[in-house]
Structures are given as C-alpha cells and as structure tokens.
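What follows is a short report on a single structure.
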Amino acid sequence: MMKRNVIFLVLLCILGMALLAAPVAGGLTALDGDPIITRTGATSPVITITGPDIDEGSTITIDVTTLQYVLASGIVTNANVVVDDTALQATWKGAVTYDDPTATYTLTLTSEKAATVAGETVTVTFTGAGGNAWIPDTGGYLDTYFTATRTDADHGTADFHFEIETTLGPGGLTVAPGAKITSTYGATSVVITITDAPILQYDTIIIDVSGLDPYVSGGALTDANVGVYDTAAAATWKRAVAGGTLTLTSTGGPTAVGQKVTVTFTGAGGNPWIPDMLRDLTIPLTATRMDNYATGNFEIKTAPPPGYTVVANFVASPTADIAPLTVTFTDTSGGHPASWEWDFGDGSTSISRNPPAHTYTGIGTYTVSLTATNAYGSDTKTQYINVLNGAVLTANTAINGLTITNCGGPQLVTVDTSVLPATLDPTKTVLELSLVSGFKKITIYALNGGFLENSNLITGNPTGVHLVSEEIAPSSGFSSDIGTTASFNYSIDLPSYPCNAILSTKIWEGVIPEYDIKLQKIVSGNVPPAVSIGTAYTAKITKTNFPSNAPVKLHMSVNSDWNDPLVGHLSGGPGTIFIWRISDDGTQGQVLPTNYLYTDPGENLDYYEAASPGGLSTFGISSLTGSNNPFQLIGLVATAYINAEQPVNPDYPISDEKNAVKTTQSPTIPPTQTPLTPPAPPTPGTTEKLYSNANGVITQATTLQALDGLATVTVGTGVVAQDADGKPPLSITITAIPAENLPGTPPGYAFSLAGRAYDLQPDGATFSPEISIRFTAPDVQFGQEFIVKTYDRATGTWHDIPTRYNPNDGTITAQISHFCYFALFTKTVTAQPAITATRAPTQVTPQKVVPIAASSSVSNFMGMITWAVETILQNPIIVVGVIILAVAIILYGWKRRRDREMLFR
C-alpha cells in the first residue's frame, strides 16, 4: 500500500512539473477606433489584456504599414502614435520601426516597470498631429484593419479597425505674377501667398509647367530653371521638376497664413529661353494646393512692344512743409498708361490721373505711390511727403490804436491809450508797446522833442523804432531731442516806423531738402570746408512792406543735449552750433558768426545769438564740424553750374526724382558709333556699409571711394535711402566701367568720356535729399568744360545732371538722387572769333568761362598770349597808348643814365 502511494505521489509531481513547464494560454481583446475625418484628427482603439498578466518587458506588436499610404510624408513615425494605459503598476511605451527588406512598419508596445494585470487596458491613439498629417480625401476612404499580437505565452491576438476619410481644409492661396522676361537668361519671380489656413509640413503645391517646355533650349524645363525662396518661419520649401510638373514641398514645419513662397523661373542654369520664341511668350499657369486643391492662376510674359513700357512718374508740390500740408499731385508717367492707382500713404487713395489736391493733417513722413498700368503691364513710382512739426506766426505793424501820419516822413505817431495800452518813460522820449500784433515789444524813440500827452493820446515824431518778435515755436513744442520749449525770435532797429508791414514767420523742425542742399553747398564752399551733421529747426520770414536789408539780430535756443552724440541723435559730432542764412532769392548763403549766450538749466536749453546784416530771410540752427572759419558768403546762383539743353522726347517726359526731362539722341551721331551692351564689370568694386534706422534714414555718414581713387560718393546723415524694393540698403558699391564697355548710345560728337565712368549699386536705390558724387578732374585744357551724365536704361541714352567744377581743389561735383551708371564727359567750347581791323566794331557776346587749371599746357598758354597781342594790335587806342608808354620808358631810362654820368664826373 505504501509503495502505491509513493508511486502516485511521484506521478503527481511529474504531472505538476509538466503543467508548470507547459505554456499558459494568454489573450487580448480590442475595440475598434472611431473614423478619422480631419487632416490632424485621431482615433483610439482600446486593447484589453485577458488571461494571464503580461510580464514586465513583454510586448504587443501591430503591423501599421498601411498607414504610410494615408500620411502626407509617406512615412509612419513615432509622432503618429500616442500610447496610454490603465495599468496600476506598468507603464506602456510605443515605438515604430521600419524593416527595409519587407518594407514593413511595425508598432511595438512594451510593458515597463511592472506586469500588466489581466483586465487592464492599453489605448493606442493614431494621430495626424505632430507635423505629419493625414492626406486629404481623394474620393474614397481607407478602411484599415490591424492585428495586435502578444509576444508572450502562445501569441494571443486581437483584431480591430478604423476608417480614414479626411475632409478638405479651408486654406487657399493667391499668386502675384512677376516681371516680364526680357532676355534669354532673364527671370521672373512669382509670389505665392498662403491664405485662410496654413500649409502643413510635407504638404505640397504643384504647378503644371509642361507649357514652358517649348520655350527652353533643352526642350524641357528642369530644376535649374526654377529657384525657390520662402518667408516661412518654420518651413523650408524645396522644389523638384519631373514629368512636366513642378512640385513645391514644405519641409521642416508648417507655413503660416500670410507667408510667401517665391518661385523664380529663369533662363539661366544651362537651359536658357529660346530667343525667337521670347517675342510671344505668354503662358497661363496654375498653382494648386494639394491639401485642398485651392488654385491661383498667373501668366509668364515677355516685354511689351517698344514705347509701351509703362514708366510711372509724377510731380508733387510741395513735398515738405508744416501741417496741415496740401499737396498737388500731377501724373507724368510715360509708356501710354491706361489707368492710375494712387496711394497717398495716409489711408487715402485715388484712381484719377491727376487727383484733387490732398491734405495731410498728421505730422510724419508719408510714402506716396503711383501705379500706372496699361495692357502690357504696370510700374510704380514712390515719393516721400514730409509733414513737419511747425507753426506760422504773423506780426503786423498796422495796429488798432496806433496811427502813423505821413508814412514817408517826417512821421507823426499817435497812440490812443484807451485802445492800445502803452508805457511812456519819465523823459517822455521812449514809448513802449508790449505783446501786440505778433510783437513781444515795440519801442518808439522820439529824441527830437519827446512825446506829448493829451488825455488818452500820446503823439510824437519818431527818430527810431526797435521791434522784438514774439517767441516763435510749434504750438505743442518741438520734439524732446530739440527741446520742447526751444524757440526763435528776432529784433530789428529801424530809423522810422514801418507802415502796414507784415512779417510772416514759418518755423519747422529739421530742414527741408531744398534748404538742406543749399546748406551743404554753403558749408562745403567755405575755406576750409565745414560739414553739417544736423539741423535742429528752420525759420523762414516773408516780408511785406518791410525794408528788405534791415540788419537783424536772431535768437535761437536748442536742447543742451542735442549736440552731444552720447545723449542726442547726431553722429559725427559733437560739432559747433551755428546759425546760417539763405537770402530771399536763394542766390547767396552764409554761416553767421554765432555767439553762445547762456544755458537755462531748468529747461535744459542753450541760447545763441547771431547778427544778420543782410536782414530777415531764411535761417536755421545747425551743428557743424571741420571748419574754424565758416563765415564766407557763398554764391548759390544757377550760373555756378554747367547745364546743357537737350530736346524733349514726348514719350518719356520724366525720368527721375528731380523730374529731369528725358531726351532723345542728337541726330549728328557718326555712323561708326553703335550702341554698346554693358558686360559684367571687369574690375572689382569698393563697398561700404550703410547705417540707417528701420525707415531708411541714414544715422551715420558714409563716404565711398572708387578703387582708382578718382570718384567719391558721400551719403550724409538724415538722408532717406531705399533700395529698389523700398527697403533700407545694407551697403553701397562703386565699380569702374572701362571706356570700351560704356553702356547705351554715346552722347555724340560734342562730348567725349573724360576717363571716369562708374556703376553704383544697388541699382535703382534712391536717396532723398540728393547725395553728392565727386570726381577728380583730369588735366584741364583751355576751352574745356565738364558735365556729369547719368544713363537712362529705359531709353538707352545719357542725360546731363547739374555739375559744378571747383578749380581750387580740382574736383567736379554733382547731386544724384538714385543709383545707376554715372560718367564724366568733356567737350571743347568754341572760342569767340577775333574782330578784324577792317570791320566795324560790334558788341561781342561774353562766352561762358571755364576756370583754367594750373596744369594747362604751354602751347595753350602761348596761344592765349598770341590772341592777346592780336587783340591789342586791332585796337588803335590801345596801340597809341602802348607807343606813348614805350616812349616814356625810353626817356626815363635816358634821364637816369645822364644823371649817373653827372654823378661820377
């Protein structure tokens, strides 16, 4: 019996060990996920553990290969899977792996930290978020089945599925076509703007470009014919051309609404446009968003027929004055525009060719643009209108209660004190009126008997008058940089009372271009030259019935910190504060001797005084550097410039910021002279950095000198600089152009290149006010004159710009408003024919005299002497005078000799 029991126990143990060693069946159940209906939507199937627990480190695998066909990137990533669980002790993680030989994506779910108890769940969320969205629905839906498999025990499985039927998004796009293609290597840049909704990462825009294939020399557009640039902050756009389709792909992130993708179609890159086909290239193209099939249409075109290239231009007057400022705009566009669009920069617009006068009420700088359009294209011209902080104060000597009898003299003044309060000093010789009719004080002297008082009447014969204006400043004060309480006033002494005189003073912050240009000429014309680094404010006095040249004393104040570069906003200083003057007719200017008076520490103002012997006109207070003697009177008349007249071409009436008339070519071109096409600059250029604020206002003066040292460009502070796109240029470059590469049509027989021609970049950059370009003059020959010319790309011709030659330093200077090609030309002025002795004397018209440099040749000098001798011999009076002088010299010599002989006897 015992033996049986032992055998039974042994068999029972063996059976138990066998049961322990045998695999235990485990299992899973799964609930289907919800359908996915949006691009970034999600679905969350739930997997429940059944049977035995899943040990730590055990896994569940799911084949997710089918997801690659519905994801925008075509790749299944960890970002498309989110794992959550209800396990109390375990933590479930998910990872997607790719097996290259089988092209299979596998999602592996792993239990970490502890076992997962039966009945606990693992939720797998499949999502299009994380930068890898589902593709939009293409007409059906994907019903996707999956199997989850336990890799422990006996591999229990559970099936689930969900639907993917994503809807189209709301996004759109707009397309702005680029410029016309004008050469076999030319380019046009199409700008695509994202609207309504962003384009997600990996989404695409496609363009059918097969219509361009016949127009490229290779017969098929390639990647080399396309360039891509974007403004997206997160995305980087790539391009690929295949099978006649250009695919643009957003990589690295999404592209937000309002951001742009610029596509450049170019003939460069080894596959140029076909020249013969360029004449009629007009191909319609469509850009399509593939996330929702939104489209934008555009065309690629070439240049219009000759004479129909629109050149937008207009004249604005005035361009700067105090608020409110009323400006008249006149269209002067060329190229036969058919419509006009004005943007006045303050929210107002017009579609009239010559709109009604427009009034600006707010202080500031306004960018005015005119877009002129015809059937072949459009062009835009911009200009700046400066509305200044300022004021107008009028002082009138016709005062109620004051009567002048016999204004022409001798005068009798009568003041009715019941109407006009007045103060008479004890000597009864000085009568004072205070704060009346724009004057702070009017003092009338009667030193030939004094004033008589009779009741309310004071009468007397004036022997002198002292006038002091009120303090003049904008009603709200100047800006804090200049000093909110800074002001201007003047005082004048006259021998008699000015009857019915009106003095209107306009004062404004800064200096308008018209006067700033003249100020630069004034200070640069001093010896030694000075440099203006800033003007605080300007005052212009208009006189009516007032002595034009009555000497005046000026008083101007400015913030004590304005001239300090560490505190204020002037660069290049500190300078010395001066008051300058420009005459009423604009022909003369001078920096006046200026005295510092005192500082008001409470208002933080420095006060200055200057005497103006030439009377009231236009004045400014500026900071100057570089001169210890800036008081010479400088001529500003137009005769200081050498101007050449040209015939007018009615098709192109205006060409630049100075509204210079475009001109046709002189008909006397030698047949052997043919237009030259400018190649790439053969020599390296010189580049200097520009320092400006966000509005393009230059904050630090820059001097750019050509590599050969023969030309210099100066950009001063306060100049507004913008490139062709309206943005502040970061740098400027000057490059010499050899004579054989001079572009365009040569300027005819009369002119020849004086060895100085330069390309200024960036091309099309504008400067307001104008900047200067200075050339070192070649050796000057008698009868020569120099002229600076600028090249007009639209007409392929050269045009004169005002030029000034300074014989003292051998420089030739011109003011320019934009960058392109500039060159120095010379021509010989024909001498006036000599007057023969047999011909009746006639009045000889004076010739324009060009200063002769010290380096003139000996032959020219001898020629001048010969001309002088001939002139003397042709005038009988001069001949007689010369003979008498010669006889006197001979007699005087004979007498001296006789006296010496007598002395030594």
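Labels for the structure tokens follow display order: chains A, B, ..., residues from 1 in each chain, ligands from 1.
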
(message) I'd like the contact shell of A:Pro45 - 7 Å cut-off, only C-alpha atoms, skipping same-chain residues fewer than 5 positions apart - returned as a ChimeraX atom specification.
(response) /A:30-33,123-125

(request) Please provide the set of residues having any atom within 6 Å of stretch 254-264 of chain A, restricted to only C-alpha atoms, with same-chain residues fewer than 3 positions apart removed, written as a VMD selection string. (result) chain A and resid 188 to 195 197 to 201 226 to 232 235

Would you save the residues from that selection as a CSV table (one decimal), in the first residue's frame, using all heavy atoms?
```csv
chain,number,residue,atom,x,y,z
A,188,THR,N,11.7,85.8,-64.1
A,188,THR,CA,10.5,86.4,-63.5
A,188,THR,C,10.2,85.6,-62.2
A,188,THR,O,10.4,84.4,-62.1
A,188,THR,CB,9.4,86.3,-64.5
A,188,THR,OG1,8.2,87.0,-63.9
A,188,THR,CG2,9.0,84.9,-64.8
A,189,SER,N,9.8,86.3,-61.2
A,189,SER,CA,9.6,85.7,-59.9
A,189,SER,C,8.1,85.8,-59.5
A,189,SER,O,7.6,86.9,-59.3
A,189,SER,CB,10.5,86.4,-58.8
A,189,SER,OG,11.8,86.2,-59.1
A,190,VAL,N,7.5,84.7,-59.4
A,190,VAL,CA,6.1,84.6,-59.0
A,190,VAL,C,6.0,84.4,-57.5
A,190,VAL,O,6.7,83.6,-56.9
A,190,VAL,CB,5.4,83.4,-59.7
A,190,VAL,CG1,4.0,83.2,-59.3
A,190,VAL,CG2,5.5,83.5,-61.2
A,191,VAL,N,5.1,85.2,-56.8
A,191,VAL,CA,5.0,85.2,-55.4
A,191,VAL,C,3.7,84.5,-55.0
A,191,VAL,O,2.6,85.0,-55.4
A,191,VAL,CB,5.1,86.6,-54.8
A,191,VAL,CG1,4.9,86.5,-53.3
A,191,VAL,CG2,6.4,87.3,-55.1
A,192,ILE,N,3.8,83.4,-54.3
A,192,ILE,CA,2.6,82.7,-53.8
A,192,ILE,C,2.4,83.0,-52.4
A,192,ILE,O,3.3,82.8,-51.6
A,192,ILE,CB,2.7,81.1,-54.0
A,192,ILE,CG1,3.0,80.8,-55.5
A,192,ILE,CG2,1.5,80.4,-53.5
A,192,ILE,CD1,3.4,79.4,-55.8
A,193,THR,N,1.2,83.5,-52.0
A,193,THR,CA,0.9,83.8,-50.6
A,193,THR,C,-0.1,82.9,-50.1
A,193,THR,O,-1.2,82.6,-50.7
A,193,THR,CB,0.3,85.3,-50.5
A,193,THR,OG1,1.3,86.2,-51.1
A,193,THR,CG2,0.1,85.7,-49.1
A,194,ILE,N,0.1,82.3,-48.9
A,194,ILE,CA,-0.8,81.3,-48.3
A,194,ILE,C,-1.9,82.1,-47.6
A,194,ILE,O,-1.6,83.0,-46.8
A,194,ILE,CB,0.0,80.5,-47.2
A,194,ILE,CG1,1.3,79.9,-47.9
A,194,ILE,CG2,-0.9,79.4,-46.7
A,194,ILE,CD1,1.0,79.1,-49.1
A,195,THR,N,-3.1,81.7,-47.8
A,195,THR,CA,-4.3,82.4,-47.2
A,195,THR,C,-5.2,81.4,-46.5
A,195,THR,O,-5.1,80.2,-46.7
A,195,THR,CB,-5.1,83.1,-48.3
A,195,THR,OG1,-5.7,82.1,-49.2
A,195,THR,CG2,-4.3,84.1,-49.1
A,197,ALA,N,-5.7,79.3,-44.2
A,197,ALA,CA,-5.3,78.3,-43.3
A,197,ALA,C,-3.8,77.9,-43.7
A,197,ALA,O,-3.5,78.0,-44.9
A,197,ALA,CB,-6.2,77.0,-43.4
A,198,PRO,N,-3.0,77.5,-42.7
A,198,PRO,CA,-1.6,77.2,-43.0
A,198,PRO,C,-1.5,76.0,-43.9
A,198,PRO,O,-2.4,75.1,-43.9
A,198,PRO,CB,-1.0,77.0,-41.6
A,198,PRO,CG,-2.1,76.7,-40.7
A,198,PRO,CD,-3.3,77.4,-41.3
A,199,ILE,N,-0.3,75.9,-44.5
A,199,ILE,CA,0.1,74.6,-45.2
A,199,ILE,C,0.9,73.8,-44.2
A,199,ILE,O,1.9,74.3,-43.7
A,199,ILE,CB,0.8,74.9,-46.5
A,199,ILE,CG1,-0.2,75.4,-47.6
A,199,ILE,CG2,1.6,73.7,-47.0
A,199,ILE,CD1,0.4,75.6,-48.9
A,200,LEU,N,0.5,72.6,-44.0
A,200,LEU,CA,1.2,71.8,-43.0
A,200,LEU,C,2.5,71.2,-43.6
A,200,LEU,O,2.7,71.2,-44.8
A,200,LEU,CB,0.3,70.6,-42.6
A,200,LEU,CG,-1.1,71.0,-42.0
A,200,LEU,CD1,-1.9,69.8,-41.6
A,200,LEU,CD2,-0.9,72.0,-40.8
A,201,GLN,N,3.3,70.7,-42.7
A,201,GLN,CA,4.6,70.1,-43.1
A,201,GLN,C,4.3,68.9,-44.0
A,201,GLN,O,3.3,68.2,-43.8
A,201,GLN,CB,5.4,69.7,-41.8
A,201,GLN,CG,6.7,69.0,-42.1
A,201,GLN,CD,7.4,68.6,-40.9
A,201,GLN,OE1,6.9,68.8,-39.8
A,201,GLN,NE2,8.6,68.0,-41.0
A,226,VAL,N,14.4,76.7,-62.2
A,226,VAL,CA,13.5,77.1,-61.1
A,226,VAL,C,14.3,77.3,-59.8
A,226,VAL,O,15.1,76.5,-59.4
A,226,VAL,CB,12.4,76.0,-60.8
A,226,VAL,CG1,11.4,76.5,-59.7
A,226,VAL,CG2,11.6,75.7,-62.1
A,227,GLY,N,14.0,78.5,-59.2
A,227,GLY,CA,14.5,78.7,-57.8
A,227,GLY,C,13.4,79.0,-56.9
A,227,GLY,O,12.3,79.5,-57.3
A,228,VAL,N,13.6,78.7,-55.6
A,228,VAL,CA,12.5,78.8,-54.6
A,228,VAL,C,13.1,79.6,-53.4
A,228,VAL,O,14.2,79.3,-52.9
A,228,VAL,CB,11.9,77.5,-54.2
A,228,VAL,CG1,10.9,77.6,-53.1
A,228,VAL,CG2,11.4,76.7,-55.3
A,229,TYR,N,12.3,80.5,-52.9
A,229,TYR,CA,12.6,81.3,-51.7
A,229,TYR,C,11.3,81.5,-50.9
A,229,TYR,O,10.3,81.7,-51.5
A,229,TYR,CB,13.2,82.6,-52.1
A,229,TYR,CG,13.4,83.5,-50.9
A,229,TYR,CD1,14.5,83.3,-50.0
A,229,TYR,CD2,12.5,84.5,-50.6
A,229,TYR,CE1,14.7,84.1,-48.9
A,229,TYR,CE2,12.7,85.3,-49.5
A,229,TYR,CZ,13.8,85.2,-48.6
A,229,TYR,OH,14.0,85.9,-47.5
A,230,ASP,N,11.4,81.4,-49.6
A,230,ASP,CA,10.2,81.5,-48.8
A,230,ASP,C,10.5,82.4,-47.6
A,230,ASP,O,11.6,82.7,-47.2
A,230,ASP,CB,9.7,80.1,-48.3
A,230,ASP,CG,10.7,79.5,-47.4
A,230,ASP,OD1,10.8,79.8,-46.2
A,230,ASP,OD2,11.5,78.6,-47.8
A,231,THR,N,9.3,82.9,-47.1
A,231,THR,CA,9.4,83.8,-45.9
A,231,THR,C,8.9,83.0,-44.6
A,231,THR,O,8.7,83.6,-43.6
A,231,THR,CB,8.6,85.0,-46.0
A,231,THR,OG1,7.2,84.7,-46.2
A,231,THR,CG2,9.0,85.8,-47.3
A,232,ALA,N,8.7,81.7,-44.8
A,232,ALA,CA,8.1,80.9,-43.7
A,232,ALA,C,9.1,80.9,-42.5
A,232,ALA,O,10.3,80.7,-42.7
A,232,ALA,CB,7.8,79.5,-44.2
A,235,ALA,N,9.0,76.5,-41.9
A,235,ALA,CA,9.2,75.6,-43.0
A,235,ALA,C,10.4,76.0,-43.9
A,235,ALA,O,10.8,77.2,-43.9
A,235,ALA,CB,7.9,75.6,-43.9
```

(request) Could you check which of A:Ser612, A:Thr484, A:Thr365, A:Ser418 is closest to A:Ile458, using only C-alpha atoms? (result) A:Ser418

(message) With DSSP run on the backbone, what are the strand (DSSP E or B) residues within stretch 250-299 of chain A? I'd like them as a PyMOL selection string.
(response) chain A and resi 250-251+255+260-266+273+282-289+295-299

Which neighbours of A:Ala90 fall inside 10 Å, counting only C-alpha atoms, when residues of the same chain fewer than 4 positions from it are skipped, and could you give them as a compact mmCIF listing (two decimals) with C-alpha atoms, in the first residue's frame?
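So the final result, stored in around30.txt, reads:
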```
# COMPACT_ATOMS: atom_id res chain seq x y z
CA ILE A 54 1.73 40.45 -19.26
CA ASP A 55 5.08 40.47 -17.58
CA GLU A 56 7.41 43.45 -17.46
CA GLY A 57 9.33 43.68 -20.75
CA ASP A 85 -2.79 52.58 -20.34
CA THR A 86 -4.89 51.83 -17.25
CA THR A 110 6.18 47.42 -24.39
CA SER A 111 5.20 46.94 -20.74
CA GLU A 112 7.76 48.68 -18.50
CA LYS A 113 8.42 48.83 -14.73
CA ALA A 114 5.96 46.03 -13.84
CA ALA A 115 3.49 43.47 -15.12
CA THR A 116 0.14 44.40 -16.56
CA VAL A 117 -2.72 42.61 -14.86
CA GLU A 120 -6.17 46.33 -17.64
```

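Atom CA of A:Tyr366 is found 9.9 Å from atom CA of A:Asp343.
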
(message) Calculated over only C-alpha atoms, which of the candidates A:Gly796, A:Gly41, A:Gly219, A:Pro769 has the smallest distance to A:Ser817?
(response) A:Pro769
